[in-house]
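In what follows, a single structure is set out as structure tokens and then discussed.
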Amino acid sequence: MLNLTTSAALFERAKTLIPGGVNSPVRAFRSVGGSPVFMQSAEGAWLTDVDGNRYVDFINSWGPMILGHAPAVVLDAVREALPHSLSFGAPTNREVEMAELIRKMVPSIEKVRLVNSGTEACMSAIRAARGYTGRNKIIKFEGCYHGHGDAFLIAAGSGALTAGEPDSAGVTQGVAQDTLTAPYNDLPAVEALIAANPGQIAALILEPVVGNMGLVAPAQNFLQALRDLCTQHGIVLIFDEVMTGFRLAQGGAQELYGIKADMTTLGKIIGGGLPVGAYGGREDIMNCVAPAGKVYQAGTLSGNPMATAAGMAQLRYLHEHPELYTALEATSARLADGTRQIAAELGLNYTVNRVGSMFSLFFTAEPVTNLDDAKKCDTAAFGRYFHAMLERGIYLAPSQFEALFVSTAITDELVEMYLKACRESLIEAHRAA
């Protein structure tokens with residue numbers, strides 16, 4: 001058994017000071033049981049907790065650490081920037097350089113605004129789309145997460161044509177009525193929403209590859225059909241690429257699937273591990289944002305010199321080493337295919353979804369193409385599996401409904417370590433049932 005006494009003590013202290021003892025809900029281990037592990041340090045593929053236990057990391061700070069933890073290229077850039085002060089509240093040359101590099105790597109982005117988180121990027125993109133179109137309503141998909149902005153915390157209504165219901169206390173019915181929801185991969189539902197709300201929909205926002213109900217890929221031609229619908233009806237198509245941007249390819253999911261969004265939200269990888277976000281898109285839409293236009297959005301720490309130093313170093317490295325994506329694809333395929341094979345050999349036939357360096361093991365034998373499919377998973381068995389993997393030094397997302405992220409620090413030896421642990425943990429999870 002792992003010795004987690006320091007983590008347990010810290011969690012008890014934290015619960016008296018912080019809501020639920022954590023600063024982001026999934027960290028609390030509520031969906032897998034037990035207490036969270038408090039981390040001390042990380043390097044490459046390895047995390048070390050406050051009790052000295054080491055784990056191979058398959059969360060990678062929920063995506064940003066595509067090069068593994070503490071890569072020299074990023075740390076060196078931060079060290080170089082550090083003596084010049086942590087914030088200016090004034091423009092810097094690095095903001096311009098980052099905007100140029102983002103535009104070069106994501107061709108649909110003609111202008112971009114840096115912010116401080118993915119949530120802020122998505123909130124701002126929606127506001128810009130509403131300001132540009134003069135319309136109020138948006139369409140989002142069940143199970144797609146776009147941060148904790150009020151407009152996004154909406155569950156499905158009672159039917160395909162109804163407005164949503166708030167998914168969180170504190171979200172008003174007034175906000176909810178402007179958010180329309182559809183099942184992911186369900187094109188007829190989107191068409192019905194548009195038909196029922198003619199000339200009223202400002203934007204359609206989605207994760208082109210979903211990472212927040214587990215990893216779910218778009219059905220064939222789904223993204224192109226959405227692109228065509230949005231063009232036809234004057235709706236701003238927003239790709240939330242906070243997770244997928246610069247991870248699935250240099251140009252993100254848009255490059256992978258050959259689809260151009262009108263607007264794109266970014267985060268995670270573009271900060272190299274520091275808090276950052278960005279939203280950008282067509283010049284005519286972005287010119288609506290203040291001070292160029294009437295859509296107000298501001299941020300004291302936007303374009304922060306530390307975040308841009310770390311992000312630029314990582315982005316440049318990815319841009320200059322496209323072969324990394326080929327290697328990531330091969331490593332991730334071995335992990336996902338091996339997991340699928342092990343489950344099948346054990347008679348479990350669980351579903352494994354993968355796109356690029358993101359994948360999920362779903363504890364269900366049925367295909368997972370939307371949120372309702374994902375909800376069919378045996379979450380109790382997943383919780384036992386999670387803890388069995390943790391005991392074997394493998395750190396997974398503490399939720400069935402979160403994707404895993406692979407970094408370039410995962411070696412062939414670590415793939416074999418993961419697969420060995422996976423087999424033993426699946427056996428243990430079902431022996432304990």
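Lettering and numbering for the structure tokens are positional, with chains as A, B, ... in the shown order, residues counted from 1 in each chain, and ligands counted from 1 in the shown order.
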Would you pick out the contacts of A:Gly393 at 8 Å or less, using only C-alpha atoms, so that residues sharing its chain but fewer than 4 positions from it are not included, and give the list as a short mmCIF file (atom, residue, chain, number, x, y, z; two decimals) with C-alpha atoms, in the first residue's frame?
```
data_model
loop_
_atom_site.label_atom_id
_atom_site.label_comp_id
_atom_site.auth_asym_id
_atom_site.auth_seq_id
_atom_site.Cartn_x
_atom_site.Cartn_y
_atom_site.Cartn_z
CA ASN A 53 5.98 8.26 -3.98
CA ARG A 54 6.69 8.45 -7.71
CA TYR A 55 4.20 8.03 -10.56
CA VAL A 56 4.29 8.00 -14.35
CA MET A 389 -3.07 1.84 -11.12
#
```
Using the chain letters and numbers from this document, which residues of stretch 219-418 of chain A does DSSP assign to strand (DSSP E), as a PyMOL selection string? chain A and resi 236-240+263-267+277-281+351-355+358-362+394-395+404-405
Quick one: residues within 8 Å of stretch 247-260 of chain A, only C-alpha atoms counted, chain neighbours fewer than 2 positions away excluded, as a list in words? Ile66, Met105, Val106, Pro107, Ser108, Pro208, Val209, Leu223, Gln224, Arg227, Glu241, Met243, Thr244, Gly245, Asp262, Ile269, Leu318, His319, Pro322, Tyr325, Val355, Gly356, Ser357 and Met358 of chain A
Atomic distance atom CA of A:Asp49 - atom CA of A:Leu10, expressed in Å with one decimal: 11.8 Å
By how many Å are atom CA of A:Arg130 and atom CA of A:Gln200 apart? 10.0 Å
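Our summary of the geometry notes that atom CA of A:Ala8 is positioned 7.6 Å from atom CA of A:Pro36.
Nearest residue to A:Leu301, choosing from A:Ala121, A:Leu86, A:Leu193, A:Val210 and counting only C-alpha atoms: A:Leu86.
Residues within 10 Å of A:Leu396, counting only C-alpha atoms and excluding same-chain residues fewer than 4 positions away, are Tyr55, Val56, Asp57, Phe58, Ile59, Asn60, Tyr385, Phe386, His387, Met389, Leu390, Gln400, Glu402, Ala403, Leu404 and Phe405 of chain A.
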Output for the residues just chosen: N, CA and C atoms as an mmCIF file, in the first residue's frame:
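File produced: selection22.cif:
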```
data_model
loop_
_atom_site.group_PDB
_atom_site.id
_atom_site.type_symbol
_atom_site.label_atom_id
_atom_site.label_comp_id
_atom_site.auth_asym_id
_atom_site.auth_seq_id
_atom_site.Cartn_x
_atom_site.Cartn_y
_atom_site.Cartn_z
ATOM 1 N N TYR A 55 5.210 8.523 -9.629
ATOM 2 C CA TYR A 55 4.197 8.029 -10.556
ATOM 3 C C TYR A 55 4.543 8.461 -11.981
ATOM 4 N N VAL A 56 4.233 7.599 -12.945
ATOM 5 C CA VAL A 56 4.289 8.001 -14.346
ATOM 6 C C VAL A 56 3.010 8.776 -14.646
ATOM 7 N N ASP A 57 3.156 9.971 -15.196
ATOM 8 C CA ASP A 57 2.040 10.913 -15.312
ATOM 9 C C ASP A 57 1.356 10.812 -16.674
ATOM 10 N N PHE A 58 0.044 10.515 -16.635
ATOM 11 C CA PHE A 58 -0.759 10.498 -17.858
ATOM 12 C C PHE A 58 -1.841 11.574 -17.837
ATOM 13 N N ILE A 59 -1.667 12.573 -16.948
ATOM 14 C CA ILE A 59 -2.542 13.745 -16.971
ATOM 15 C C ILE A 59 -1.792 14.943 -17.547
ATOM 16 N N ASN A 60 -0.532 15.092 -17.132
ATOM 17 C CA ASN A 60 0.312 16.169 -17.637
ATOM 18 C C ASN A 60 -0.338 17.542 -17.488
ATOM 19 N N TYR A 385 -10.135 0.475 -10.466
ATOM 20 C CA TYR A 385 -9.024 0.441 -11.431
ATOM 21 C C TYR A 385 -8.075 1.613 -11.211
ATOM 22 N N PHE A 386 -8.638 2.802 -11.013
ATOM 23 C CA PHE A 386 -7.811 3.992 -10.786
ATOM 24 C C PHE A 386 -6.872 3.779 -9.602
ATOM 25 N N HIS A 387 -7.408 3.299 -8.489
ATOM 26 C CA HIS A 387 -6.579 3.126 -7.296
ATOM 27 C C HIS A 387 -5.569 1.995 -7.462
ATOM 28 N N MET A 389 -4.124 1.237 -10.299
ATOM 29 C CA MET A 389 -3.067 1.840 -11.115
ATOM 30 C C MET A 389 -2.182 2.759 -10.277
ATOM 31 N N LEU A 390 -2.801 3.527 -9.395
ATOM 32 C CA LEU A 390 -2.041 4.432 -8.527
ATOM 33 C C LEU A 390 -1.047 3.639 -7.678
ATOM 34 N N GLN A 400 -13.706 8.861 -14.670
ATOM 35 C CA GLN A 400 -13.971 8.151 -15.922
ATOM 36 C C GLN A 400 -14.172 9.111 -17.076
ATOM 37 N N GLU A 402 -12.689 11.971 -18.019
ATOM 38 C CA GLU A 402 -11.591 12.854 -18.409
ATOM 39 C C GLU A 402 -10.627 12.090 -19.306
ATOM 40 N N ALA A 403 -10.160 12.744 -20.357
ATOM 41 C CA ALA A 403 -9.196 12.124 -21.255
ATOM 42 C C ALA A 403 -7.821 12.058 -20.600
ATOM 43 N N LEU A 404 -7.002 11.127 -21.079
ATOM 44 C CA LEU A 404 -5.597 11.066 -20.690
ATOM 45 C C LEU A 404 -4.761 11.764 -21.756
ATOM 46 N N PHE A 405 -3.615 12.309 -21.321
ATOM 47 C CA PHE A 405 -2.731 13.045 -22.223
ATOM 48 C C PHE A 405 -1.348 12.416 -22.178
#
```
Pick from A:Pro398, A:Gly234, A:Pro91, A:Gly280: nearest to A:Leu266, with only C-alpha atoms counted? A:Gly280
Contacts between stretch 136-144 of chain A and stretch 170-197 of chain A, please, where a residue of stretch 170-197 of chain A counts if it comes within 10 Å (with only C-alpha atoms); show its shortest atom pair and distance in Å to one decimal, rows by chain and ascending number, as a Markdown table.
```
| residue | atom | partner | partner_atom | distance |
| --- | --- | --- | --- | --- |
| A:Val175 | CA | A:Lys137 | CA | 9.6 |
| A:Ala176 | CA | A:Lys137 | CA | 9.6 |
| A:Gln177 | CA | A:Lys137 | CA | 8.0 |
| A:Asp178 | CA | A:Lys137 | CA | 4.4 |
| A:Thr179 | CA | A:Ile138 | CA | 5.1 |
| A:Leu180 | CA | A:Ile139 | CA | 4.7 |
| A:Thr181 | CA | A:Lys140 | CA | 5.1 |
| A:Ala182 | CA | A:Phe141 | CA | 4.9 |
| A:Pro183 | CA | A:Glu142 | CA | 5.2 |
| A:Tyr184 | CA | A:Phe141 | CA | 5.3 |
| A:Asn185 | CA | A:Phe141 | CA | 8.7 |
| A:Asp186 | CA | A:Phe141 | CA | 9.2 |
| A:Val190 | CA | A:Ile139 | CA | 8.0 |
| A:Leu193 | CA | A:Ile139 | CA | 8.1 |
| A:Ile194 | CA | A:Ile139 | CA | 8.8 |
| A:Asn197 | CA | A:Lys137 | CA | 8.6 |
```
As a short mmCIF file (atom, residue, chain, number, x, y, z; two decimals) with C-alpha atoms, in the first residue's frame, please: every residue in stretch 247-426 of chain A that DSSP puts in helix (DSSP H, G or I).
```cif
data_model
loop_
_atom_site.label_atom_id
_atom_site.label_comp_id
_atom_site.auth_asym_id
_atom_site.auth_seq_id
_atom_site.Cartn_x
_atom_site.Cartn_y
_atom_site.Cartn_z
CA GLY A 252 -4.70 21.44 -33.70
CA ALA A 253 -7.90 19.62 -34.64
CA GLN A 254 -8.47 22.10 -37.47
CA GLU A 255 -5.34 20.85 -39.20
CA LEU A 256 -6.11 17.22 -38.41
CA TYR A 257 -9.63 17.36 -39.86
CA LYS A 268 -2.87 24.89 -21.82
CA ILE A 269 0.02 24.20 -24.25
CA ILE A 270 0.42 27.88 -25.19
CA GLY A 271 1.42 28.64 -21.58
CA GLU A 283 -10.17 39.66 -38.63
CA ASP A 284 -13.67 41.10 -39.12
CA ILE A 285 -14.91 39.36 -35.96
CA MET A 286 -11.83 40.16 -33.86
CA PRO A 305 5.73 38.01 -19.49
CA MET A 306 6.33 34.75 -17.62
CA ALA A 307 3.46 32.93 -19.34
CA THR A 308 4.44 34.20 -22.78
CA ALA A 309 8.09 33.26 -22.18
CA ALA A 310 7.15 29.70 -21.25
CA GLY A 311 4.51 29.41 -23.97
CA MET A 312 6.68 30.81 -26.74
CA ALA A 313 9.52 28.44 -25.86
CA GLN A 314 7.22 25.43 -26.02
CA LEU A 315 5.39 26.55 -29.17
CA ARG A 316 8.64 27.31 -31.00
CA TYR A 317 10.02 23.90 -30.04
CA LEU A 318 6.90 22.15 -31.35
CA HIS A 319 6.97 24.23 -34.52
CA GLU A 320 10.63 23.41 -35.16
CA GLU A 323 8.61 14.87 -35.92
CA LEU A 324 7.46 14.95 -32.28
CA TYR A 325 3.88 14.50 -33.44
CA THR A 326 4.80 11.35 -35.35
CA ALA A 327 6.49 9.94 -32.25
CA LEU A 328 3.56 10.91 -30.03
CA GLU A 329 1.15 9.22 -32.42
CA ALA A 330 3.13 5.98 -32.28
CA THR A 331 3.48 6.01 -28.48
CA SER A 332 -0.19 6.83 -27.94
CA ALA A 333 -1.27 4.11 -30.37
CA ARG A 334 0.76 1.52 -28.46
CA LEU A 335 -0.83 2.62 -25.19
CA ALA A 336 -4.40 2.68 -26.49
CA ASP A 337 -4.17 -0.45 -28.65
CA GLY A 338 -2.46 -2.33 -25.84
CA THR A 339 -5.16 -1.29 -23.38
CA ARG A 340 -7.88 -2.44 -25.79
CA GLN A 341 -6.15 -5.78 -26.35
CA ILE A 342 -5.67 -6.41 -22.63
CA ALA A 343 -9.33 -5.69 -21.88
CA ALA A 344 -10.40 -8.03 -24.68
CA GLU A 345 -8.11 -10.82 -23.45
CA LEU A 371 -22.46 11.91 -23.22
CA ASP A 372 -25.30 9.40 -22.88
CA ASP A 373 -22.97 6.66 -24.13
CA ALA A 374 -20.28 7.69 -21.64
CA THR A 379 -17.81 4.06 -12.70
CA ALA A 380 -17.41 1.96 -9.55
CA ALA A 381 -15.15 -0.45 -11.43
CA PHE A 382 -13.25 2.51 -12.86
CA GLY A 383 -12.65 3.81 -9.33
CA ARG A 384 -11.15 0.47 -8.28
CA TYR A 385 -9.02 0.44 -11.43
CA PHE A 386 -7.81 3.99 -10.79
CA HIS A 387 -6.58 3.13 -7.30
CA ALA A 388 -4.99 -0.13 -8.47
CA MET A 389 -3.07 1.84 -11.12
CA LEU A 390 -2.04 4.43 -8.53
CA GLU A 391 -0.62 1.66 -6.32
CA ASP A 412 8.98 2.48 -24.73
CA GLU A 413 9.89 1.19 -21.26
CA LEU A 414 7.21 3.34 -19.66
CA VAL A 415 4.65 2.11 -22.19
CA GLU A 416 5.44 -1.45 -21.08
CA MET A 417 5.20 -0.40 -17.42
CA TYR A 418 1.76 1.12 -18.08
CA LEU A 419 0.48 -1.94 -19.95
CA LYS A 420 1.68 -4.35 -17.24
CA ALA A 421 -0.01 -2.22 -14.59
CA CYS A 422 -3.14 -1.97 -16.74
CA ARG A 423 -3.51 -5.75 -16.97
CA GLU A 424 -2.95 -6.29 -13.25
CA SER A 425 -5.25 -3.41 -12.31
CA LEU A 426 -8.13 -4.54 -14.52
#
```
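With only C-alpha atoms as the basis for measurement, A:Gly281 is the residue among A:Pro367, A:Gly281, A:Gly134, A:Gly170 that approaches A:Met263 most closely.
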Tell me which protein, DNA and RNA residues are within 12 Å of A:Ala90, counting only C-alpha atoms, leaving out same-chain ones fewer than 6 positions away, and put them as a PyMOL selection string. chain A and resi 299-305
